[in-house]
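Colleague: Contents of work-v9.cif (mmCIF, C-alpha atoms; chains and numbers go by the auth columns) are given next:
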```cif
data_final
loop_
_atom_site.group_PDB
_atom_site.id
_atom_site.type_symbol
_atom_site.label_atom_id
_atom_site.label_comp_id
_atom_site.label_asym_id
_atom_site.label_seq_id
_atom_site.Cartn_x
_atom_site.Cartn_y
_atom_site.Cartn_z
_atom_site.B_iso_or_equiv
_atom_site.auth_seq_id
_atom_site.auth_asym_id
ATOM 1 C CA MET A 1 75.334 240.743 -50.611 0.00 181 A
ATOM 2 C CA ILE A 2 77.345 242.405 -53.382 0.00 182 A
ATOM 3 C CA ARG A 3 76.553 245.815 -51.939 0.00 183 A
ATOM 4 C CA LYS A 4 77.962 244.764 -48.524 0.00 184 A
ATOM 5 C CA MET A 5 81.083 243.414 -50.206 0.00 185 A
ATOM 6 C CA LEU A 6 81.570 246.682 -52.099 0.00 186 A
ATOM 7 C CA ILE A 7 81.159 248.698 -48.910 0.00 187 A
ATOM 8 C CA ALA A 8 83.715 246.476 -47.172 0.00 188 A
ATOM 9 C CA LEU A 9 86.100 246.896 -50.111 0.00 189 A
ATOM 10 C CA TYR A 10 85.703 250.682 -50.005 0.00 190 A
ATOM 11 C CA ILE A 11 86.422 250.677 -46.275 0.00 191 A
ATOM 12 C CA VAL A 12 89.578 248.592 -46.784 0.00 192 A
ATOM 13 C CA ILE A 13 90.767 250.916 -49.560 0.00 193 A
ATOM 14 C CA PHE A 14 90.030 253.992 -47.430 0.00 194 A
ATOM 15 C CA VAL A 15 91.967 252.570 -44.452 0.00 195 A
ATOM 16 C CA ALA A 16 94.899 251.679 -46.744 0.00 196 A
ATOM 17 C CA ILE A 17 94.970 255.247 -48.070 0.00 197 A
ATOM 18 C CA LEU A 18 94.958 256.607 -44.516 0.00 198 A
ATOM 19 C CA ILE A 19 97.887 254.366 -43.555 0.00 199 A
ATOM 20 C CA LEU A 20 99.866 255.415 -46.625 0.00 200 A
ATOM 21 C CA ALA A 21 99.131 259.080 -45.894 0.00 201 A
ATOM 22 C CA TYR A 22 100.373 258.625 -42.330 0.00 202 A
ATOM 23 C CA ILE A 23 103.599 256.992 -43.540 0.00 203 A
ATOM 24 C CA ARG A 24 104.194 259.830 -45.985 0.00 204 A
ATOM 25 C CA PHE A 25 103.156 262.846 -43.899 0.00 205 A
ATOM 26 C CA ALA A 26 103.607 261.971 -40.199 0.00 206 A
ATOM 27 C CA PRO A 27 105.898 264.504 -38.540 0.00 207 A
ATOM 28 C CA ALA A 28 109.297 263.345 -37.317 0.00 208 A
ATOM 29 C CA ASN A 29 110.474 263.905 -33.756 0.00 209 A
ATOM 30 C CA VAL A 30 113.622 265.806 -34.731 0.00 210 A
ATOM 31 C CA SER A 31 114.973 266.105 -31.181 0.00 211 A
ATOM 32 C CA ALA A 32 114.913 262.306 -30.814 0.00 212 A
ATOM 33 C CA ILE A 33 116.414 261.643 -34.252 0.00 213 A
ATOM 34 C CA HIS A 34 119.027 264.386 -34.658 0.00 214 A
ATOM 35 C CA VAL A 35 121.509 263.130 -32.048 0.00 215 A
ATOM 36 C CA ASP A 36 125.192 262.240 -32.167 0.00 216 A
ATOM 37 C CA PRO A 37 125.410 258.677 -33.505 0.00 217 A
ATOM 38 C CA ALA A 38 127.824 257.835 -30.672 0.00 218 A
ATOM 39 C CA SER A 39 124.981 258.392 -28.193 0.00 219 A
ATOM 40 C CA ALA A 40 122.170 256.950 -30.315 0.00 220 A
ATOM 41 C CA GLN A 41 119.951 254.500 -28.482 0.00 221 A
ATOM 42 C CA SER A 42 119.300 251.161 -30.137 0.00 222 A
ATOM 43 C CA THR A 43 115.680 250.106 -30.376 0.00 223 A
ATOM 44 C CA GLY A 44 116.648 246.433 -30.358 0.00 224 A
ATOM 45 C CA LYS A 45 115.168 246.016 -33.829 0.00 225 A
ATOM 46 C CA SER A 46 117.178 244.937 -36.859 0.00 226 A
ATOM 47 C CA ASN A 47 116.165 248.024 -38.824 0.00 227 A
ATOM 48 C CA ALA A 48 119.198 250.204 -38.146 0.00 228 A
ATOM 49 C CA TYR A 49 122.931 250.403 -38.820 0.00 229 A
ATOM 50 C CA LEU A 50 125.461 252.160 -36.606 0.00 230 A
ATOM 51 C CA LEU A 51 128.979 253.029 -37.789 0.00 231 A
ATOM 52 C CA ILE A 52 131.064 254.473 -34.931 0.00 232 A
ATOM 53 C CA GLY A 53 134.309 253.878 -33.048 0.00 233 A
ATOM 54 C CA GLU A 54 137.069 251.886 -34.699 0.00 234 A
ATOM 55 C CA ARG A 55 134.820 250.960 -37.643 0.00 235 A
ATOM 56 C CA ALA A 56 134.116 254.613 -38.463 0.00 236 A
ATOM 57 C CA PRO A 57 135.837 255.712 -41.675 0.00 237 A
ATOM 58 C CA VAL A 58 138.700 258.213 -41.596 0.00 238 A
ATOM 59 C CA PHE A 59 139.203 260.671 -44.463 0.00 239 A
ATOM 60 C CA ALA A 60 142.151 262.835 -45.525 0.00 240 A
ATOM 61 C CA HIS A 61 140.062 266.012 -45.392 0.00 241 A
ATOM 62 C CA SER A 62 139.539 268.540 -42.642 0.00 242 A
ATOM 63 C CA ALA A 63 136.242 268.298 -40.781 0.00 243 A
ATOM 64 C CA ASP A 64 134.920 271.422 -42.523 0.00 244 A
ATOM 65 C CA GLU A 65 135.811 270.076 -45.986 0.00 245 A
ATOM 66 C CA MET A 66 134.421 266.635 -45.205 0.00 246 A
ATOM 67 C CA ALA A 67 131.136 267.999 -43.876 0.00 247 A
ATOM 68 C CA LYS A 68 130.651 269.930 -47.118 0.00 248 A
ATOM 69 C CA LEU A 69 131.632 266.918 -49.269 0.00 249 A
ATOM 70 C CA VAL A 70 129.243 264.637 -47.379 0.00 250 A
ATOM 71 C CA ASP A 71 126.349 267.081 -47.586 0.00 251 A
ATOM 72 C CA ASP A 72 126.911 267.776 -51.278 0.00 252 A
ATOM 73 C CA PHE A 73 127.026 264.047 -52.038 0.00 253 A
ATOM 74 C CA VAL A 74 124.076 262.964 -49.894 0.00 254 A
ATOM 75 C CA MET A 75 121.838 265.678 -51.310 0.00 255 A
ATOM 76 C CA THR A 76 122.383 264.202 -54.805 0.00 256 A
ATOM 77 C CA GLN A 77 120.960 260.847 -53.702 0.00 257 A
ATOM 78 C CA PRO A 78 117.428 259.951 -54.788 0.00 258 A
ATOM 79 C CA ARG A 79 114.528 260.873 -52.501 0.00 259 A
ATOM 80 C CA VAL A 80 116.748 262.541 -49.874 0.00 260 A
ATOM 81 C CA THR A 81 115.881 265.662 -47.906 0.00 261 A
ATOM 82 C CA ARG A 82 117.764 267.367 -45.093 0.00 262 A
ATOM 83 C CA LEU A 83 115.833 267.124 -41.832 0.00 263 A
ATOM 84 C CA ALA A 84 118.148 268.942 -39.413 0.00 264 A
ATOM 85 C CA GLY A 85 121.645 270.333 -39.075 0.00 265 A
ATOM 86 C CA SER A 86 124.061 271.693 -41.645 0.00 266 A
ATOM 87 C CA ALA A 87 127.586 271.243 -42.939 0.00 267 A
ATOM 88 C CA GLY A 88 128.581 274.144 -40.693 0.00 268 A
ATOM 89 C CA ASP A 89 127.289 272.232 -37.670 0.00 269 A
ATOM 90 C CA LYS A 90 129.237 269.153 -38.825 0.00 270 A
ATOM 91 C CA MET A 91 126.172 267.052 -38.000 0.00 271 A
ATOM 92 C CA ILE A 92 123.279 266.533 -40.396 0.00 272 A
ATOM 93 C CA THR A 93 120.238 264.296 -40.325 0.00 273 A
ATOM 94 C CA TYR A 94 118.694 263.305 -43.640 0.00 274 A
ATOM 95 C CA VAL A 95 115.523 261.471 -44.611 0.00 275 A
ATOM 96 C CA GLN A 96 115.620 259.066 -47.530 0.00 276 A
ATOM 97 C CA ARG A 97 112.311 257.547 -48.589 0.00 277 A
ATOM 98 C CA SER A 98 111.768 254.189 -50.246 0.00 278 A
ATOM 99 C CA LEU A 99 110.822 254.333 -53.905 0.00 279 A
ATOM 100 C CA ILE A 100 107.314 252.888 -53.934 0.00 280 A
ATOM 101 C CA MET A 101 105.835 253.148 -50.438 0.00 281 A
ATOM 102 C CA GLY A 102 107.751 256.217 -49.271 0.00 282 A
ATOM 103 C CA TYR A 103 108.917 254.649 -45.992 0.00 283 A
ATOM 104 C CA PRO A 104 111.333 257.085 -44.295 0.00 284 A
ATOM 105 C CA ASP A 105 114.833 256.144 -43.175 0.00 285 A
ATOM 106 C CA PHE A 106 116.718 258.662 -41.032 0.00 286 A
ATOM 107 C CA ILE A 107 120.470 259.001 -41.527 0.00 287 A
ATOM 108 C CA THR A 108 122.507 261.095 -39.086 0.00 288 A
ATOM 109 C CA ILE A 109 126.110 261.822 -39.993 0.00 289 A
ATOM 110 C CA LYS A 110 128.507 263.604 -37.664 0.00 290 A
ATOM 111 C CA VAL A 111 131.952 264.702 -38.849 0.00 291 A
ATOM 112 C CA ILE A 112 134.677 264.573 -36.199 0.00 292 A
ATOM 113 C CA ALA A 113 137.927 266.549 -36.550 0.00 293 A
ATOM 114 C CA LEU A 114 141.090 264.540 -35.877 0.00 294 A
ATOM 115 C CA ASP A 115 144.375 265.996 -34.633 0.00 295 A
ATOM 116 C CA ASN A 116 146.235 265.298 -37.870 0.00 296 A
ATOM 117 C CA GLY A 117 143.954 267.409 -40.080 0.00 297 A
ATOM 118 C CA GLN A 118 141.903 264.394 -41.067 0.00 298 A
ATOM 119 C CA SER A 119 138.293 263.687 -40.168 0.00 299 A
ATOM 120 C CA LYS A 120 136.160 260.762 -39.123 0.00 300 A
ATOM 121 C CA LEU A 121 132.466 260.060 -39.702 0.00 301 A
ATOM 122 C CA ARG A 122 129.987 258.738 -37.173 0.00 302 A
ATOM 123 C CA ILE A 123 126.835 257.448 -38.843 0.00 303 A
ATOM 124 C CA PHE A 124 123.477 256.138 -37.655 0.00 304 A
ATOM 125 C CA SER A 125 120.968 255.007 -40.277 0.00 305 A
ATOM 126 C CA GLN A 126 117.578 253.814 -39.067 0.00 306 A
ATOM 127 C CA SER A 127 114.182 252.940 -40.469 0.00 307 A
ATOM 128 C CA ARG A 128 111.235 254.664 -38.860 0.00 308 A
ATOM 129 C CA PHE A 129 108.759 251.837 -39.380 0.00 309 A
ATOM 130 C CA GLY A 130 109.016 248.075 -39.085 0.00 310 A
ATOM 131 C CA HIS A 131 111.249 245.621 -37.287 0.00 311 A
ATOM 132 C CA SER A 132 113.618 244.702 -40.119 0.00 312 A
ATOM 133 C CA ASP A 133 115.031 246.655 -43.025 0.00 313 A
ATOM 134 C CA MET A 134 116.456 243.586 -44.821 0.00 314 A
ATOM 135 C CA GLY A 135 119.913 245.188 -44.660 0.00 315 A
ATOM 136 C CA VAL A 136 118.955 248.373 -46.499 0.00 316 A
ATOM 137 C CA ASN A 137 120.532 250.769 -43.978 0.00 317 A
ATOM 138 C CA LYS A 138 123.852 248.891 -43.874 0.00 318 A
ATOM 139 C CA GLN A 139 123.909 248.604 -47.668 0.00 319 A
ATOM 140 C CA ARG A 140 123.175 252.323 -48.110 0.00 320 A
ATOM 141 C CA ILE A 141 125.967 253.391 -45.773 0.00 321 A
ATOM 142 C CA GLY A 142 128.396 250.949 -47.413 0.00 322 A
ATOM 143 C CA GLN A 143 127.622 252.394 -50.845 0.00 323 A
ATOM 144 C CA TRP A 144 127.949 255.964 -49.624 0.00 324 A
ATOM 145 C CA MET A 145 131.301 255.258 -47.956 0.00 325 A
ATOM 146 C CA ARG A 146 132.678 253.629 -51.127 0.00 326 A
ATOM 147 C CA VAL A 147 131.759 256.729 -53.151 0.00 327 A
ATOM 148 C CA LEU A 148 133.116 259.166 -50.551 0.00 328 A
ATOM 149 C CA ARG A 149 136.429 257.278 -50.359 0.00 329 A
ATOM 150 C CA ASP A 150 136.988 257.672 -54.113 0.00 330 A
#
```
Now that the file is in, can you turn its structure into structure tokens?

Modeller:
Amino acid sequence: MIRKMLIALYIVIFVAILILAYIRFAPANVSAIHVDPASAQSTGKSNAYLLIGERAPVFAHSADEMAKLVDDFVMTQPRVTRLAGSAGDKMITYVQRSLIMGYPDFITIKVIALDNGQSKLRIFSQSRFGHSDMGVNKQRIGQWMRVLRD
């Protein structure tokens, strides 16, 4: 009886390790993720945050300057890697992983040049797994915008 319970426990632990490995190492579909936030398709889940249109922040920097400022700032954030794009492209997709489980969130930021020498950001932040992010994506983008405005 104890032997069967130990075998069952080992199987559960093994399956848990496989799931965690998948979360950490599964490849991302870059062509589906690295898209202009204005054309991003909602999944209908509450695990994403979209900042476009009239709500999109405007900055007193040219698009080239703003793209560099955004990239420099985002790359200083914990557990962030650049998935696609560059400051030169004015559109970059990042991955930020949660601290303990390593769940990936994808953040795409596009810098738009305005006629008056200013720039505007379009942002789409989405969790890869789950149906709810408990407001993490909206909170992240709010914090980033407060820092970039200063």

Colleague: Find the residues around stretch 280-289 of chain A up to 8 Å (only C-alpha atoms counted), leave out those fewer than 3 positions away in its own chain, and share them as an MDAnalysis selection string.

Modeller: chainID A and resid 200 203:204 213:217 271:277 301:309 317

Colleague: If you apply the PyMOL selection byres ((chain A and resi 246) around 12) to this file, what residues do you get, as a ChimeraX atom specification?

Modeller: /A:237-245,247-254,267-271,289-294,297-301,328-329

Colleague: Compute the distance from (126.7, 248.9, -35.9) to each atom, counting all atoms listed in the file, keep the residues with any atom at most 12 Å away, and return them as a PDB file with C-alpha atoms, in the coordinates of the input; use the coordinates of the file.

Modeller:
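As a result, result-v9.pdb now contains:
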```
ATOM      1  CA  PRO A 217     125.410 258.677 -33.505  1.00  0.00           C
ATOM      2  CA  ALA A 218     127.824 257.835 -30.672  1.00  0.00           C
ATOM      3  CA  ALA A 220     122.170 256.950 -30.315  1.00  0.00           C
ATOM      4  CA  GLN A 221     119.951 254.500 -28.482  1.00  0.00           C
ATOM      5  CA  SER A 222     119.300 251.161 -30.137  1.00  0.00           C
ATOM      6  CA  GLY A 224     116.648 246.433 -30.358  1.00  0.00           C
ATOM      7  CA  SER A 226     117.178 244.937 -36.859  1.00  0.00           C
ATOM      8  CA  ASN A 227     116.165 248.024 -38.824  1.00  0.00           C
ATOM      9  CA  ALA A 228     119.198 250.204 -38.146  1.00  0.00           C
ATOM     10  CA  TYR A 229     122.931 250.403 -38.820  1.00  0.00           C
ATOM     11  CA  LEU A 230     125.461 252.160 -36.606  1.00  0.00           C
ATOM     12  CA  LEU A 231     128.979 253.029 -37.789  1.00  0.00           C
ATOM     13  CA  ILE A 232     131.064 254.473 -34.931  1.00  0.00           C
ATOM     14  CA  GLY A 233     134.309 253.878 -33.048  1.00  0.00           C
ATOM     15  CA  GLU A 234     137.069 251.886 -34.699  1.00  0.00           C
ATOM     16  CA  ARG A 235     134.820 250.960 -37.643  1.00  0.00           C
ATOM     17  CA  ALA A 236     134.116 254.613 -38.463  1.00  0.00           C
ATOM     18  CA  ARG A 302     129.987 258.738 -37.173  1.00  0.00           C
ATOM     19  CA  ILE A 303     126.835 257.448 -38.843  1.00  0.00           C
ATOM     20  CA  PHE A 304     123.477 256.138 -37.655  1.00  0.00           C
ATOM     21  CA  SER A 305     120.968 255.007 -40.277  1.00  0.00           C
ATOM     22  CA  GLN A 306     117.578 253.814 -39.067  1.00  0.00           C
ATOM     23  CA  GLY A 315     119.913 245.188 -44.660  1.00  0.00           C
ATOM     24  CA  ASN A 317     120.532 250.769 -43.978  1.00  0.00           C
ATOM     25  CA  LYS A 318     123.852 248.891 -43.874  1.00  0.00           C
ATOM     26  CA  ILE A 321     125.967 253.391 -45.773  1.00  0.00           C
ATOM     27  CA  GLY A 322     128.396 250.949 -47.413  1.00  0.00           C
TER      28      GLY A 322
END
```

Colleague: Any idea what's packed within 9 Å of A:Lys225, counting all atoms listed in the file, ignoring anything in its chain fewer than 4 positions away? Could you give it as a count of residues only?

Modeller: 3

Colleague: What is the distance, in Å and to one decimal place, between atom CA of A:Asp313 and atom CA of A:Val192?

Modeller: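 Between atom CA of A:Asp313 and atom CA of A:Val192 the gap is 25.8 Å.
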
Colleague: Please reconstruct the missing atoms of stretch 241-257 of chain A (target: N, CA and C atoms) and return them as a PDB file, in the frame of the given file.

Modeller:
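Final file, rebuild-v8.pdb:
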```pdb
ATOM      1  N   HIS A 241     140.603 264.654 -45.222  1.00  0.00           N
ATOM      2  CA  HIS A 241     140.062 266.012 -45.392  1.00  0.00           C
ATOM      3  C   HIS A 241     139.827 266.591 -44.005  1.00  0.00           C
ATOM      4  N   SER A 242     139.890 267.901 -43.911  1.00  0.00           N
ATOM      5  CA  SER A 242     139.539 268.540 -42.642  1.00  0.00           C
ATOM      6  C   SER A 242     138.058 268.304 -42.371  1.00  0.00           C
ATOM      7  N   ALA A 243     137.648 268.508 -41.138  1.00  0.00           N
ATOM      8  CA  ALA A 243     136.242 268.298 -40.781  1.00  0.00           C
ATOM      9  C   ALA A 243     135.329 269.231 -41.574  1.00  0.00           C
ATOM     10  N   ASP A 244     135.742 270.481 -41.754  1.00  0.00           N
ATOM     11  CA  ASP A 244     134.920 271.422 -42.523  1.00  0.00           C
ATOM     12  C   ASP A 244     134.756 270.964 -43.975  1.00  0.00           C
ATOM     13  N   GLU A 245     135.873 270.557 -44.596  1.00  0.00           N
ATOM     14  CA  GLU A 245     135.811 270.076 -45.986  1.00  0.00           C
ATOM     15  C   GLU A 245     134.956 268.820 -46.089  1.00  0.00           C
ATOM     16  N   MET A 246     135.145 267.901 -45.149  1.00  0.00           N
ATOM     17  CA  MET A 246     134.421 266.635 -45.205  1.00  0.00           C
ATOM     18  C   MET A 246     132.931 266.838 -45.003  1.00  0.00           C
ATOM     19  N   ALA A 247     132.560 267.719 -44.103  1.00  0.00           N
ATOM     20  CA  ALA A 247     131.136 267.999 -43.876  1.00  0.00           C
ATOM     21  C   ALA A 247     130.488 268.519 -45.149  1.00  0.00           C
ATOM     22  N   LYS A 248     131.181 269.392 -45.853  1.00  0.00           N
ATOM     23  CA  LYS A 248     130.651 269.930 -47.118  1.00  0.00           C
ATOM     24  C   LYS A 248     130.581 268.841 -48.181  1.00  0.00           C
ATOM     25  N   LEU A 249     131.635 268.020 -48.292  1.00  0.00           N
ATOM     26  CA  LEU A 249     131.632 266.918 -49.269  1.00  0.00           C
ATOM     27  C   LEU A 249     130.492 265.934 -49.001  1.00  0.00           C
ATOM     28  N   VAL A 250     130.315 265.570 -47.743  1.00  0.00           N
ATOM     29  CA  VAL A 250     129.243 264.637 -47.379  1.00  0.00           C
ATOM     30  C   VAL A 250     127.889 265.226 -47.736  1.00  0.00           C
ATOM     31  N   ASP A 251     127.652 266.462 -47.325  1.00  0.00           N
ATOM     32  CA  ASP A 251     126.349 267.081 -47.586  1.00  0.00           C
ATOM     33  C   ASP A 251     126.086 267.214 -49.083  1.00  0.00           C
ATOM     34  N   ASP A 252     127.085 267.649 -49.823  1.00  0.00           N
ATOM     35  CA  ASP A 252     126.911 267.776 -51.278  1.00  0.00           C
ATOM     36  C   ASP A 252     126.575 266.421 -51.909  1.00  0.00           C
ATOM     37  N   PHE A 253     127.277 265.379 -51.480  1.00  0.00           N
ATOM     38  CA  PHE A 253     127.026 264.047 -52.038  1.00  0.00           C
ATOM     39  C   PHE A 253     125.649 263.519 -51.641  1.00  0.00           C
ATOM     40  N   VAL A 254     125.344 263.548 -50.361  1.00  0.00           N
ATOM     41  CA  VAL A 254     124.076 262.964 -49.894  1.00  0.00           C
ATOM     42  C   VAL A 254     122.882 263.660 -50.538  1.00  0.00           C
ATOM     43  N   MET A 255     122.970 264.955 -50.717  1.00  0.00           N
ATOM     44  CA  MET A 255     121.838 265.678 -51.310  1.00  0.00           C
ATOM     45  C   MET A 255     121.634 265.347 -52.793  1.00  0.00           C
ATOM     46  N   THR A 256     122.582 264.649 -53.414  1.00  0.00           N
ATOM     47  CA  THR A 256     122.383 264.202 -54.805  1.00  0.00           C
ATOM     48  C   THR A 256     121.709 262.834 -54.872  1.00  0.00           C
ATOM     49  N   GLN A 257     121.543 262.185 -53.720  1.00  0.00           N
ATOM     50  CA  GLN A 257     120.960 260.847 -53.702  1.00  0.00           C
ATOM     51  C   GLN A 257     119.443 260.925 -53.905  1.00  0.00           C
TER      52      GLN A 257
END
```
